[in-house]
>>> print(open('data.cif').read())   # mmCIF, C-alpha atoms
data_work
#
loop_
_atom_site.group_PDB
_atom_site.id
_atom_site.type_symbol
_atom_site.label_atom_id
_atom_site.label_comp_id
_atom_site.auth_asym_id
_atom_site.auth_seq_id
_atom_site.Cartn_x
_atom_site.Cartn_y
_atom_site.Cartn_z
ATOM 1 C CA MET A 1 -135.858 32.958 -76.067
ATOM 2 C CA LEU A 2 -133.681 31.175 -78.547
ATOM 3 C CA ILE A 3 -131.049 28.503 -78.511
ATOM 4 C CA SER A 4 -127.895 29.622 -80.261
ATOM 5 C CA ASN A 5 -125.976 27.454 -82.688
ATOM 6 C CA LEU A 6 -122.762 29.447 -82.495
ATOM 7 C CA SER A 7 -119.640 27.394 -83.018
ATOM 8 C CA PRO A 8 -117.193 27.211 -80.081
ATOM 9 C CA THR A 9 -114.447 28.294 -82.495
ATOM 10 C CA ASN A 10 -116.409 31.437 -83.330
ATOM 11 C CA PRO A 11 -115.039 34.405 -81.302
ATOM 12 C CA GLN A 12 -118.592 35.582 -80.649
ATOM 13 C CA ALA A 13 -119.394 32.300 -78.902
ATOM 14 C CA ALA A 14 -116.685 32.850 -76.307
ATOM 15 C CA ALA A 15 -117.571 36.482 -75.624
ATOM 16 C CA PHE A 16 -121.336 36.738 -75.975
ATOM 17 C CA CYS A 17 -122.124 35.131 -72.607
ATOM 18 C CA ALA A 18 -120.071 37.604 -70.617
ATOM 19 C CA ALA A 19 -122.458 40.558 -70.605
ATOM 20 C CA TYR A 20 -126.046 39.267 -70.290
ATOM 21 C CA GLU A 21 -128.148 36.670 -68.537
ATOM 22 C CA LEU A 22 -131.566 35.192 -69.211
ATOM 23 C CA ARG A 23 -133.514 35.260 -65.941
ATOM 24 C CA PHE A 24 -136.538 33.085 -65.152
ATOM 25 C CA GLN A 25 -138.112 34.533 -61.978
ATOM 26 C CA SER A 26 -140.080 32.116 -59.785
ATOM 27 C CA LEU A 27 -143.794 32.866 -59.635
ATOM 28 C CA PHE A 28 -144.083 31.491 -56.092
ATOM 29 C CA HIS A 29 -140.779 32.170 -54.301
ATOM 30 C CA THR A 30 -139.747 35.809 -54.070
ATOM 31 C CA GLY A 31 -136.085 36.265 -54.907
ATOM 32 C CA ARG A 32 -135.716 32.788 -56.413
ATOM 33 C CA ALA A 33 -134.813 32.547 -60.083
ATOM 34 C CA LEU A 34 -132.877 30.535 -62.630
ATOM 35 C CA THR A 35 -130.346 32.499 -64.684
ATOM 36 C CA PHE A 36 -128.339 31.489 -67.729
ATOM 37 C CA PRO A 37 -125.644 33.314 -69.704
ATOM 38 C CA CYS A 38 -126.912 34.680 -73.002
ATOM 39 C CA ASN A 39 -126.331 37.394 -75.576
ATOM 40 C CA ALA A 40 -128.250 40.675 -75.801
ATOM 41 C CA GLU A 41 -131.018 38.954 -77.779
ATOM 42 C CA GLY A 42 -131.511 36.178 -75.205
ATOM 43 C CA HIS A 43 -129.765 33.429 -77.164
ATOM 44 C CA VAL A 44 -128.445 30.783 -74.762
ATOM 45 C CA TYR A 45 -125.461 28.772 -75.979
ATOM 46 C CA LEU A 46 -126.360 25.291 -74.707
ATOM 47 C CA ASP A 47 -122.955 23.770 -75.430
ATOM 48 C CA GLU A 48 -121.405 26.107 -72.857
ATOM 49 C CA LEU A 49 -123.759 25.016 -70.054
ATOM 50 C CA THR A 50 -123.097 22.140 -67.701
ATOM 51 C CA GLU A 51 -125.452 19.180 -68.019
ATOM 52 C CA ARG A 52 -127.316 20.246 -64.877
ATOM 53 C CA ALA A 53 -127.629 23.854 -66.067
ATOM 54 C CA ARG A 54 -128.833 22.637 -69.487
ATOM 55 C CA GLN A 55 -131.517 20.501 -67.786
ATOM 56 C CA ASN A 56 -132.551 23.448 -65.610
ATOM 57 C CA TYR A 57 -132.762 25.716 -68.663
ATOM 58 C CA LEU A 58 -134.970 23.276 -70.563
ATOM 59 C CA PHE A 59 -137.111 22.761 -67.442
ATOM 60 C CA ALA A 60 -137.546 26.522 -66.928
ATOM 61 C CA ARG A 61 -138.602 26.960 -70.561
ATOM 62 C CA ALA A 62 -141.151 24.152 -70.210
ATOM 63 C CA VAL A 63 -142.821 25.584 -67.097
ATOM 64 C CA VAL A 64 -143.004 29.271 -68.033
ATOM 65 C CA GLY A 65 -146.354 30.499 -66.791
ATOM 66 C CA HIS A 66 -146.698 27.630 -64.320
ATOM 67 C CA GLU A 67 -143.621 27.920 -62.072
ATOM 68 C CA TYR A 68 -141.535 30.686 -63.685
ATOM 69 C CA ALA A 69 -142.357 34.016 -65.298
ATOM 70 C CA ASN A 70 -141.446 34.803 -68.894
ATOM 71 C CA PRO A 71 -137.674 35.156 -69.072
ATOM 72 C CA VAL A 72 -136.018 38.561 -69.098
ATOM 73 C CA VAL A 73 -132.677 39.426 -70.663
ATOM 74 C CA GLN A 74 -130.649 41.644 -68.357
ATOM 75 C CA PRO A 75 -127.062 42.807 -68.069
ATOM 76 C CA ILE A 76 -124.957 40.841 -65.628
ATOM 77 C CA THR A 77 -124.217 43.067 -62.652
ATOM 78 C CA SER A 78 -121.675 40.961 -60.770
ATOM 79 C CA PRO A 79 -119.239 38.150 -61.617
ATOM 80 C CA SER A 80 -121.079 35.646 -59.408
ATOM 81 C CA SER A 81 -124.350 36.105 -61.303
ATOM 82 C CA SER A 82 -122.775 34.903 -64.559
ATOM 83 C CA ARG A 83 -122.994 31.281 -63.407
ATOM 84 C CA PRO A 84 -126.175 29.377 -64.235
ATOM 85 C CA ALA A 85 -128.410 28.793 -61.246
ATOM 86 C CA VAL A 86 -129.237 25.269 -60.169
ATOM 87 C CA ARG A 87 -132.419 23.849 -58.704
#
>>> encode(input="data.cif", output="structure tokens")
Amino acid sequence: MLISNLSPTNPQAAAFCAAYELRFQSLFHTGRALTFPCNAEGHVYLDELTERARQNYLFARAVVGHEYANPVVQPITSPSSSRPAVR
């Protein structure tokens, strides 16, 4: 899981979040997860996240193995799942 440094003026920065999400599945609550837009390699563009989503992303990374499973990159299947989840 990487943090991307793509420039907002770079065309890839605008388009890369549209197709994939990085999903942190809860270890204790079935069906509960935090998801964040990313590219196919799992790079999350932090500048595109809201402050709350950015905090949730950094929290999820910090508690992998304690509260959340290792993140998985997956294609986004519906428009509503492209928004970052909040805690």
>>> residues_near_point(input="data.cif", point="(-132.8, 33.9, -69.3)", cutoff="10 Å", atoms="all atoms listed in the file", output="PyMOL selection string")
chain A and resi 1-2+20-25+33-39+42-44+57+60-61+70-74+84
>>> resolve_selection(input="data.cif", expression="the PyMOL selection byres ((chain A and resi 46) around 10)", output="tab-separated table (two decimals) with C-alpha atoms, in the coordinates of the input")
chain	number	residue	atom	x	y	z
A	3	ILE	CA	-131.05	28.50	-78.51
A	4	SER	CA	-127.90	29.62	-80.26
A	5	ASN	CA	-125.98	27.45	-82.69
A	6	LEU	CA	-122.76	29.45	-82.50
A	36	PHE	CA	-128.34	31.49	-67.73
A	37	PRO	CA	-125.64	33.31	-69.70
A	38	CYS	CA	-126.91	34.68	-73.00
A	43	HIS	CA	-129.76	33.43	-77.16
A	44	VAL	CA	-128.44	30.78	-74.76
A	45	TYR	CA	-125.46	28.77	-75.98
A	47	ASP	CA	-122.96	23.77	-75.43
A	48	GLU	CA	-121.40	26.11	-72.86
A	49	LEU	CA	-123.76	25.02	-70.05
A	50	THR	CA	-123.10	22.14	-67.70
A	51	GLU	CA	-125.45	19.18	-68.02
A	53	ALA	CA	-127.63	23.85	-66.07
A	54	ARG	CA	-128.83	22.64	-69.49
A	55	GLN	CA	-131.52	20.50	-67.79
A	57	TYR	CA	-132.76	25.72	-68.66
A	58	LEU	CA	-134.97	23.28	-70.56
>>> residues_around(input="data.cif", residues="Leu27 in chain A", least_positions_apart="3", cutoff="8 Å", atoms="only C-alpha atoms", output="CSV table (one decimal) with C-alpha atoms, keeping the file's coordinate frame")
chain,number,residue,atom,x,y,z
A,30,THR,CA,-139.7,35.8,-54.1
A,65,GLY,CA,-146.4,30.5,-66.8
A,66,HIS,CA,-146.7,27.6,-64.3
A,67,GLU,CA,-143.6,27.9,-62.1
A,68,TYR,CA,-141.5,30.7,-63.7
A,69,ALA,CA,-142.4,34.0,-65.3
>>> closest_residue(input="data.cif", among="A:Ser26, A:Arg52, A:Val63, A:Ala19", to="Pro75 in chain A", atoms="all atoms listed in the file")
A:Ala19
